[in-house]
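Q: Next up is a structure, given as structure tokens.
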Amino acid sequence: MECLIGIKFKDFVLVAADMTTAHSILVMKSDEQKIHKISEKLVMAVSGESGDKTQFSQYIAKNIQLYKMRNGYELSPQAAACFTRRNLADYLRSRTPYFVNLIMGGYDDSTGPELFFIDYLASCASVPYAAHGFGGFFSLGILDKYHKLDSTEEEAYNLMKMCVREIQKRLIVNLPNFKVQVVSKDGVKDLDSITAKSLALEDAANT
């Protein structure tokens with residue numbers, strides 16, 4: 001029932017994740033942070049079982065930081081995605097698999113922005129855009145039609161708002177708040193969260 005969305009553009013990657021934590025029929029939190037900063041130019045959005053999300057994301061983040069301390073440079077987004085996929089694959093074949101789905105977005109100084117789709121079965125693919133969760137059923141069609149590689153940051157943010165608006169309109173589950181981050185050559189930057197309230201105010205101003 002969670003939703004992660006990642007979109008790659010020519011100069012940056014945009015990543016969004018819902019902020020809802022639910023247990024059975026109860027909403028426990030509406031301000032959960034599901035996007036984790038892994039390094040200076042790399043973020044990872046995580047969904048899945050609550051304990052697995054926290055433990056696995058911290059495990060990956062700390063190991064990538066350890067690699068930088070030992071070697072003096074950070075892993076590239078592609079190397080970090082391969083490291084993450086390998087760990088998921090190893091744990092999948094153990095008695096304690098992690099049930100997590102990931103979207104990893106980063107910026108490589110030599111190759112530019114990169115986006116990776118990783119699921120709980122340890123499949124990994126470099127993609128122009130990706131989504132996890134039921135919200136992906138509604139957002140992928142919009143991304144198929146409106147995604148442009150040379151979009152500006154403002155156009156990209158509007159495209160993300162279009163996806164969130166459709167999810168909130170069509171999906172039976174209530175996902176009112178989405179955290180949004182952009183990763184570029186300048187590092188990781190928070191954008192304004194997309195909320196049901198902000199979209200309603202925007203719609204009212206446009207009518």
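Residue names in the structure tokens use chain letters A, B, ... in the order shown, residue numbers from 1 in each chain, and ligand numbers from 1 in the order shown.
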Could you give me, as a list in words, the residues within 9 Å of A:Glu32, counting only C-alpha atoms and dropping anything in the same chain fewer than 3 positions from it?
A: Asp18, Met19, Thr20, Thr21 and Lys29 of chain A
Q: Export, as an mmCIF file, in the first residue's frame, the selected residues with C-alpha atoms.
A:
```cif
data_model
loop_
_atom_site.group_PDB
_atom_site.id
_atom_site.type_symbol
_atom_site.label_atom_id
_atom_site.label_comp_id
_atom_site.auth_asym_id
_atom_site.auth_seq_id
_atom_site.Cartn_x
_atom_site.Cartn_y
_atom_site.Cartn_z
ATOM 1 C CA ASP A 18 4.669 8.641 0.665
ATOM 2 C CA MET A 19 4.989 9.405 4.392
ATOM 3 C CA THR A 20 2.303 7.067 5.741
ATOM 4 C CA THR A 21 2.989 4.153 8.072
ATOM 5 C CA LYS A 29 2.216 7.901 11.277
#
```
Q: For A:Ala79, please output as a list in words all residues within 12 Å (counting only C-alpha atoms; exclusion window: fewer than 3 positions along the same chain).
A: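 Surrounding residues, per the criterion: Leu42, Ile64, Tyr67, Glu74, Leu75, Ser76, Cys82, Phe83, Thr84, Arg85, Arg86, Met104, Gly105, Gly106, Tyr107, Asp108, Glu114, Phe116, Cys124 and Ser126 of chain A.
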Q: Those same residues, written as a short mmCIF file (atom, residue, chain, number, x, y, z; two decimals), in the first residue's frame with C-alpha atoms?
A:
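Output below, filename selection.cif:
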```
data_model
loop_
_atom_site.label_atom_id
_atom_site.label_comp_id
_atom_site.auth_asym_id
_atom_site.auth_seq_id
_atom_site.Cartn_x
_atom_site.Cartn_y
_atom_site.Cartn_z
CA LEU A 42 22.86 9.37 -3.65
CA ILE A 64 28.75 2.67 1.83
CA TYR A 67 33.75 2.09 1.95
CA GLU A 74 32.43 7.23 -2.67
CA LEU A 75 30.80 4.44 -4.63
CA SER A 76 29.13 5.53 -7.86
CA CYS A 82 25.01 -3.45 -7.45
CA PHE A 83 26.18 -3.67 -3.84
CA THR A 84 22.58 -3.29 -2.63
CA ARG A 85 21.27 -5.89 -5.08
CA ARG A 86 23.98 -8.37 -4.09
CA MET A 104 17.92 4.39 -5.80
CA GLY A 105 18.70 7.70 -7.45
CA GLY A 106 22.02 9.49 -7.68
CA TYR A 107 24.37 11.65 -9.70
CA ASP A 108 27.68 10.43 -11.10
CA GLU A 114 21.19 7.54 -12.68
CA PHE A 116 17.72 2.15 -10.36
CA CYS A 124 17.87 -4.47 -10.47
CA SER A 126 18.55 1.12 -14.69
#
```
Q: Please identify all polymer residues within 7 Å of A:Ala17, counting only C-alpha atoms, omitting same-chain residues fewer than 3 positions from it, and present them as a PyMOL selection string.
A: chain A and resi 3-5+34-35+45+178-180
Q: Please list as an MDAnalysis selection string every residue within 10 Å of stretch 194-201 of chain A, counting only C-alpha atoms and excluding residues in the same chain fewer than 5 positions away.
A: chainID A and resid 16:19 157 160:162 164:165 168:169 174:180 206
Q: Could you save the residues just selected, with N, CA and C atoms, as a short mmCIF file (atom, residue, chain, number, x, y, z; two decimals), in the first residue's frame?
A:
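In the end it all went to result12.cif:
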```cif
data_model
loop_
_atom_site.label_atom_id
_atom_site.label_comp_id
_atom_site.auth_asym_id
_atom_site.auth_seq_id
_atom_site.Cartn_x
_atom_site.Cartn_y
_atom_site.Cartn_z
N ALA A 16 10.34 10.61 -4.97
CA ALA A 16 9.26 10.92 -4.03
C ALA A 16 8.82 9.64 -3.33
N ALA A 17 8.39 9.78 -2.08
CA ALA A 17 7.89 8.64 -1.31
C ALA A 17 6.77 9.11 -0.39
N ASP A 18 5.74 8.27 -0.26
CA ASP A 18 4.67 8.64 0.66
C ASP A 18 5.20 8.59 2.09
N MET A 19 4.51 9.27 3.01
CA MET A 19 4.99 9.41 4.39
C MET A 19 4.08 8.69 5.39
N TYR A 157 8.94 18.79 -11.16
CA TYR A 157 8.14 18.85 -9.93
C TYR A 157 6.65 18.85 -10.25
N MET A 160 5.65 15.36 -11.11
CA MET A 160 5.49 14.56 -9.89
C MET A 160 4.17 14.90 -9.21
N LYS A 161 3.80 16.17 -9.18
CA LYS A 161 2.52 16.56 -8.59
C LYS A 161 1.36 15.94 -9.36
N MET A 162 1.49 15.84 -10.67
CA MET A 162 0.46 15.22 -11.49
C MET A 162 0.28 13.75 -11.10
N VAL A 164 1.08 12.36 -8.14
CA VAL A 164 0.53 12.28 -6.78
C VAL A 164 -0.96 12.63 -6.77
N ARG A 165 -1.33 13.62 -7.56
CA ARG A 165 -2.74 14.01 -7.64
C ARG A 165 -3.60 12.83 -8.13
N GLN A 168 -3.87 10.15 -5.34
CA GLN A 168 -4.81 10.55 -4.29
C GLN A 168 -6.25 10.54 -4.78
N LYS A 169 -6.44 10.71 -6.06
CA LYS A 169 -7.80 10.71 -6.61
C LYS A 169 -8.32 9.30 -6.85
N ASN A 174 -5.55 5.94 1.56
CA ASN A 174 -5.26 7.35 1.78
C ASN A 174 -3.75 7.57 1.93
N LEU A 175 -3.14 8.25 0.96
CA LEU A 175 -1.72 8.61 1.03
C LEU A 175 -1.63 10.13 0.88
N PRO A 176 -1.81 10.89 1.97
CA PRO A 176 -1.95 12.34 1.84
C PRO A 176 -0.65 13.10 1.64
N ASN A 177 0.47 12.56 2.11
CA ASN A 177 1.73 13.32 2.10
C ASN A 177 2.83 12.57 1.36
N PHE A 178 3.54 13.31 0.50
CA PHE A 178 4.68 12.75 -0.23
C PHE A 178 5.90 13.65 -0.04
N LYS A 179 7.00 13.05 0.40
CA LYS A 179 8.27 13.78 0.51
C LYS A 179 8.98 13.71 -0.83
N VAL A 180 9.58 14.82 -1.25
CA VAL A 180 10.23 14.90 -2.56
C VAL A 180 11.66 15.41 -2.39
N ASN A 206 -6.64 27.78 -9.06
CA ASN A 206 -6.73 27.70 -10.52
C ASN A 206 -8.16 27.77 -11.04
#
```
Q: Out of A:Ala156, A:Leu171, A:Ala89, A:Val188, which residue has the shortest atom-to-atom distance to A:Phe134 when counting only C-alpha atoms?
A: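 Between A:Ala156, A:Leu171, A:Ala89, A:Val188, the residue approaching A:Phe134 most closely is A:Leu171.
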Q: Determine which residues of stretch 26-134 of chain A receive a DSSP assignment of helix (DSSP H, G or I), computed from the backbone, and state them as JSON, numbers by chain.
A: {"A": [50, 51, 52, 53, 54, 55, 56, 57, 58, 59, 60, 61, 62, 63, 64, 65, 66, 67, 68, 69, 70, 71, 77, 78, 79, 80, 81, 82, 83, 84, 85, 86, 87, 88, 89, 90, 91, 92]}
Q: Could you write out the selected residues, including N, CA, C and O atoms, as a short mmCIF file (atom, residue, chain, number, x, y, z; two decimals), in the first residue's frame?
A:
```
data_model
loop_
_atom_site.label_atom_id
_atom_site.label_comp_id
_atom_site.auth_asym_id
_atom_site.auth_seq_id
_atom_site.Cartn_x
_atom_site.Cartn_y
_atom_site.Cartn_z
N SER A 50 8.16 -2.75 8.09
CA SER A 50 8.71 -1.62 8.85
C SER A 50 10.11 -1.89 9.40
O SER A 50 11.04 -1.09 9.22
N GLY A 51 10.29 -3.02 10.07
CA GLY A 51 11.60 -3.33 10.62
C GLY A 51 12.65 -3.55 9.55
O GLY A 51 13.79 -3.08 9.67
N ASP A 52 12.26 -4.23 8.48
CA ASP A 52 13.19 -4.49 7.38
C ASP A 52 13.65 -3.19 6.72
O ASP A 52 14.82 -3.05 6.36
N LYS A 53 12.70 -2.26 6.53
CA LYS A 53 13.04 -0.97 5.91
C LYS A 53 14.14 -0.27 6.68
O LYS A 53 15.15 0.17 6.10
N THR A 54 13.94 -0.14 7.99
CA THR A 54 14.90 0.59 8.82
C THR A 54 16.24 -0.12 8.87
O THR A 54 17.30 0.49 8.65
N GLN A 55 16.22 -1.41 9.13
CA GLN A 55 17.46 -2.16 9.31
C GLN A 55 18.26 -2.24 8.01
O GLN A 55 19.48 -2.02 8.00
N PHE A 56 17.59 -2.53 6.89
CA PHE A 56 18.31 -2.70 5.64
C PHE A 56 18.87 -1.37 5.13
O PHE A 56 20.01 -1.31 4.66
N SER A 57 18.07 -0.29 5.23
CA SER A 57 18.55 1.00 4.74
C SER A 57 19.74 1.49 5.56
O SER A 57 20.71 2.03 5.01
N GLN A 58 19.72 1.27 6.88
CA GLN A 58 20.86 1.65 7.71
C GLN A 58 22.08 0.79 7.40
O GLN A 58 23.21 1.30 7.36
N TYR A 59 21.86 -0.49 7.16
CA TYR A 59 22.96 -1.40 6.83
C TYR A 59 23.66 -0.96 5.54
O TYR A 59 24.89 -0.90 5.49
N ILE A 60 22.88 -0.64 4.52
CA ILE A 60 23.46 -0.20 3.24
C ILE A 60 24.17 1.14 3.40
O ILE A 60 25.31 1.33 2.94
N ALA A 61 23.53 2.09 4.09
CA ALA A 61 24.11 3.42 4.26
C ALA A 61 25.43 3.36 5.01
O ALA A 61 26.43 3.98 4.60
N LYS A 62 25.48 2.59 6.10
CA LYS A 62 26.70 2.52 6.91
C LYS A 62 27.83 1.81 6.17
O LYS A 62 29.00 2.19 6.29
N ASN A 63 27.50 0.79 5.38
CA ASN A 63 28.54 0.09 4.63
C ASN A 63 29.11 0.96 3.50
O ASN A 63 30.31 0.88 3.21
N ILE A 64 28.25 1.77 2.88
CA ILE A 64 28.75 2.67 1.83
C ILE A 64 29.61 3.77 2.45
O ILE A 64 30.63 4.17 1.87
N GLN A 65 29.24 4.24 3.65
CA GLN A 65 30.08 5.21 4.35
C GLN A 65 31.42 4.59 4.75
O GLN A 65 32.47 5.24 4.67
N LEU A 66 31.38 3.33 5.18
CA LEU A 66 32.61 2.63 5.55
C LEU A 66 33.53 2.48 4.34
O LEU A 66 34.75 2.65 4.46
N TYR A 67 32.95 2.20 3.17
CA TYR A 67 33.75 2.09 1.95
C TYR A 67 34.48 3.40 1.66
O TYR A 67 35.65 3.40 1.30
N LYS A 68 33.76 4.53 1.84
CA LYS A 68 34.38 5.84 1.60
C LYS A 68 35.52 6.09 2.58
O LYS A 68 36.59 6.61 2.20
N MET A 69 35.33 5.74 3.84
CA MET A 69 36.36 5.95 4.85
C MET A 69 37.61 5.12 4.56
O MET A 69 38.74 5.57 4.76
N ARG A 70 37.39 3.89 4.07
CA ARG A 70 38.53 3.01 3.80
C ARG A 70 39.28 3.38 2.52
O ARG A 70 40.50 3.22 2.44
N ASN A 71 38.54 3.85 1.51
CA ASN A 71 39.14 4.05 0.19
C ASN A 71 39.32 5.51 -0.21
O ASN A 71 40.00 5.80 -1.19
N PRO A 77 26.69 5.68 -8.14
CA PRO A 77 25.32 5.16 -8.00
C PRO A 77 25.17 3.73 -8.54
O PRO A 77 24.48 2.91 -7.93
N GLN A 78 25.81 3.44 -9.67
CA GLN A 78 25.71 2.09 -10.24
C GLN A 78 26.37 1.06 -9.33
O GLN A 78 25.81 -0.03 -9.10
N ALA A 79 27.53 1.39 -8.79
CA ALA A 79 28.22 0.46 -7.88
C ALA A 79 27.41 0.26 -6.60
O ALA A 79 27.32 -0.85 -6.08
N ALA A 80 26.81 1.35 -6.09
CA ALA A 80 25.99 1.24 -4.88
C ALA A 80 24.76 0.38 -5.14
O ALA A 80 24.36 -0.41 -4.28
N ALA A 81 24.16 0.51 -6.33
CA ALA A 81 23.00 -0.31 -6.68
C ALA A 81 23.38 -1.78 -6.78
O ALA A 81 22.65 -2.65 -6.32
N CYS A 82 24.55 -2.07 -7.36
CA CYS A 82 25.01 -3.45 -7.45
C CYS A 82 25.31 -4.04 -6.07
O CYS A 82 24.99 -5.21 -5.80
N PHE A 83 25.91 -3.23 -5.20
CA PHE A 83 26.18 -3.67 -3.84
C PHE A 83 24.87 -3.98 -3.10
O PHE A 83 24.76 -4.99 -2.41
N THR A 84 23.89 -3.10 -3.27
CA THR A 84 22.58 -3.29 -2.63
C THR A 84 21.89 -4.54 -3.15
O THR A 84 21.34 -5.34 -2.39
N ARG A 85 21.91 -4.71 -4.47
CA ARG A 85 21.27 -5.89 -5.08
C ARG A 85 21.93 -7.18 -4.61
O ARG A 85 21.25 -8.16 -4.32
N ARG A 86 23.26 -7.17 -4.53
CA ARG A 86 23.98 -8.37 -4.09
C ARG A 86 23.60 -8.74 -2.65
O ARG A 86 23.39 -9.92 -2.33
N ASN A 87 23.49 -7.73 -1.79
CA ASN A 87 23.11 -8.01 -0.40
C ASN A 87 21.68 -8.54 -0.31
O ASN A 87 21.42 -9.47 0.45
N LEU A 88 20.78 -7.96 -1.08
CA LEU A 88 19.40 -8.46 -1.11
C LEU A 88 19.36 -9.90 -1.59
O LEU A 88 18.63 -10.73 -1.04
N ALA A 89 20.15 -10.20 -2.62
CA ALA A 89 20.19 -11.56 -3.17
C ALA A 89 20.74 -12.55 -2.15
O ALA A 89 20.23 -13.67 -2.01
N ASP A 90 21.79 -12.15 -1.43
CA ASP A 90 22.36 -13.03 -0.41
C ASP A 90 21.37 -13.31 0.71
O ASP A 90 21.22 -14.45 1.16
N TYR A 91 20.71 -12.27 1.18
CA TYR A 91 19.74 -12.45 2.27
C TYR A 91 18.51 -13.22 1.80
O TYR A 91 17.88 -13.93 2.59
N LEU A 92 18.17 -13.09 0.52
CA LEU A 92 17.03 -13.82 -0.03
C LEU A 92 17.24 -15.32 0.06
O LEU A 92 16.28 -16.10 0.22
#
```
Q: Of the residues A:Gly187, A:Pro97, A:Gly6, A:Gly141, which is the one nearest to A:Glu49, using only C-alpha atoms?
A: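 When distances to A:Glu49 are compared using only C-alpha atoms, the smallest one comes from A:Pro97.
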Q: Between atom CA of A:Leu159 and atom CA of A:Glu202, what is the distance, to one decimal in Å?
A: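 A separation of 14.3 Å between them.
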Q: Here is a test: counting only C-alpha atoms, which residue of A:Glu155, A:Asp31, A:Asp119, A:Asp109 is nearest to A:Ile7?
A: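 Looking at the shortest contact to A:Ile7, the residue is A:Glu155.
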Q: As a ChimeraX atom specification, which residues of stretch 38-200 of chain A does DSSP assign to strand (DSSP E)?
A: /A:38-39,42-48,100-108,112-118,124-126,129-132,177-184,187-195
Q: Need the shell around stretch 142-153 of chain A: protein/DNA/RNA residues with any atom at most 8 Å away, counting only C-alpha atoms. Skip same-chain ones fewer than 6 positions apart. Format as a list of chain:residue names?
A: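 Skipping anything fewer than 6 positions along the chain leaves A:Lys8, A:Phe9, A:Lys10, A:Asp11, A:Tyr129, A:Leu159, A:Met162, A:Cys163.
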Q: Give the answer as one residue: which of A:Ser184, A:Thr207, A:Gln33, A:Ser24 has the shortest atom-to-atom distance to A:Gly112, using only C-alpha atoms?
A: A:Ser184
Q: Go ahead and compute the interatomic distance for atom CA of A:Phe99 and atom CA of A:Gly48, in Å to one decimal.
A: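 Atom CA of A:Gly48 lies at a distance of 5.8 Å from atom CA of A:Phe99.
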Q: Using atom CA of A:Lys189 and atom CA of A:Leu14 as the two end points, give the distance in Å to one decimal.
A: 9.8 Å
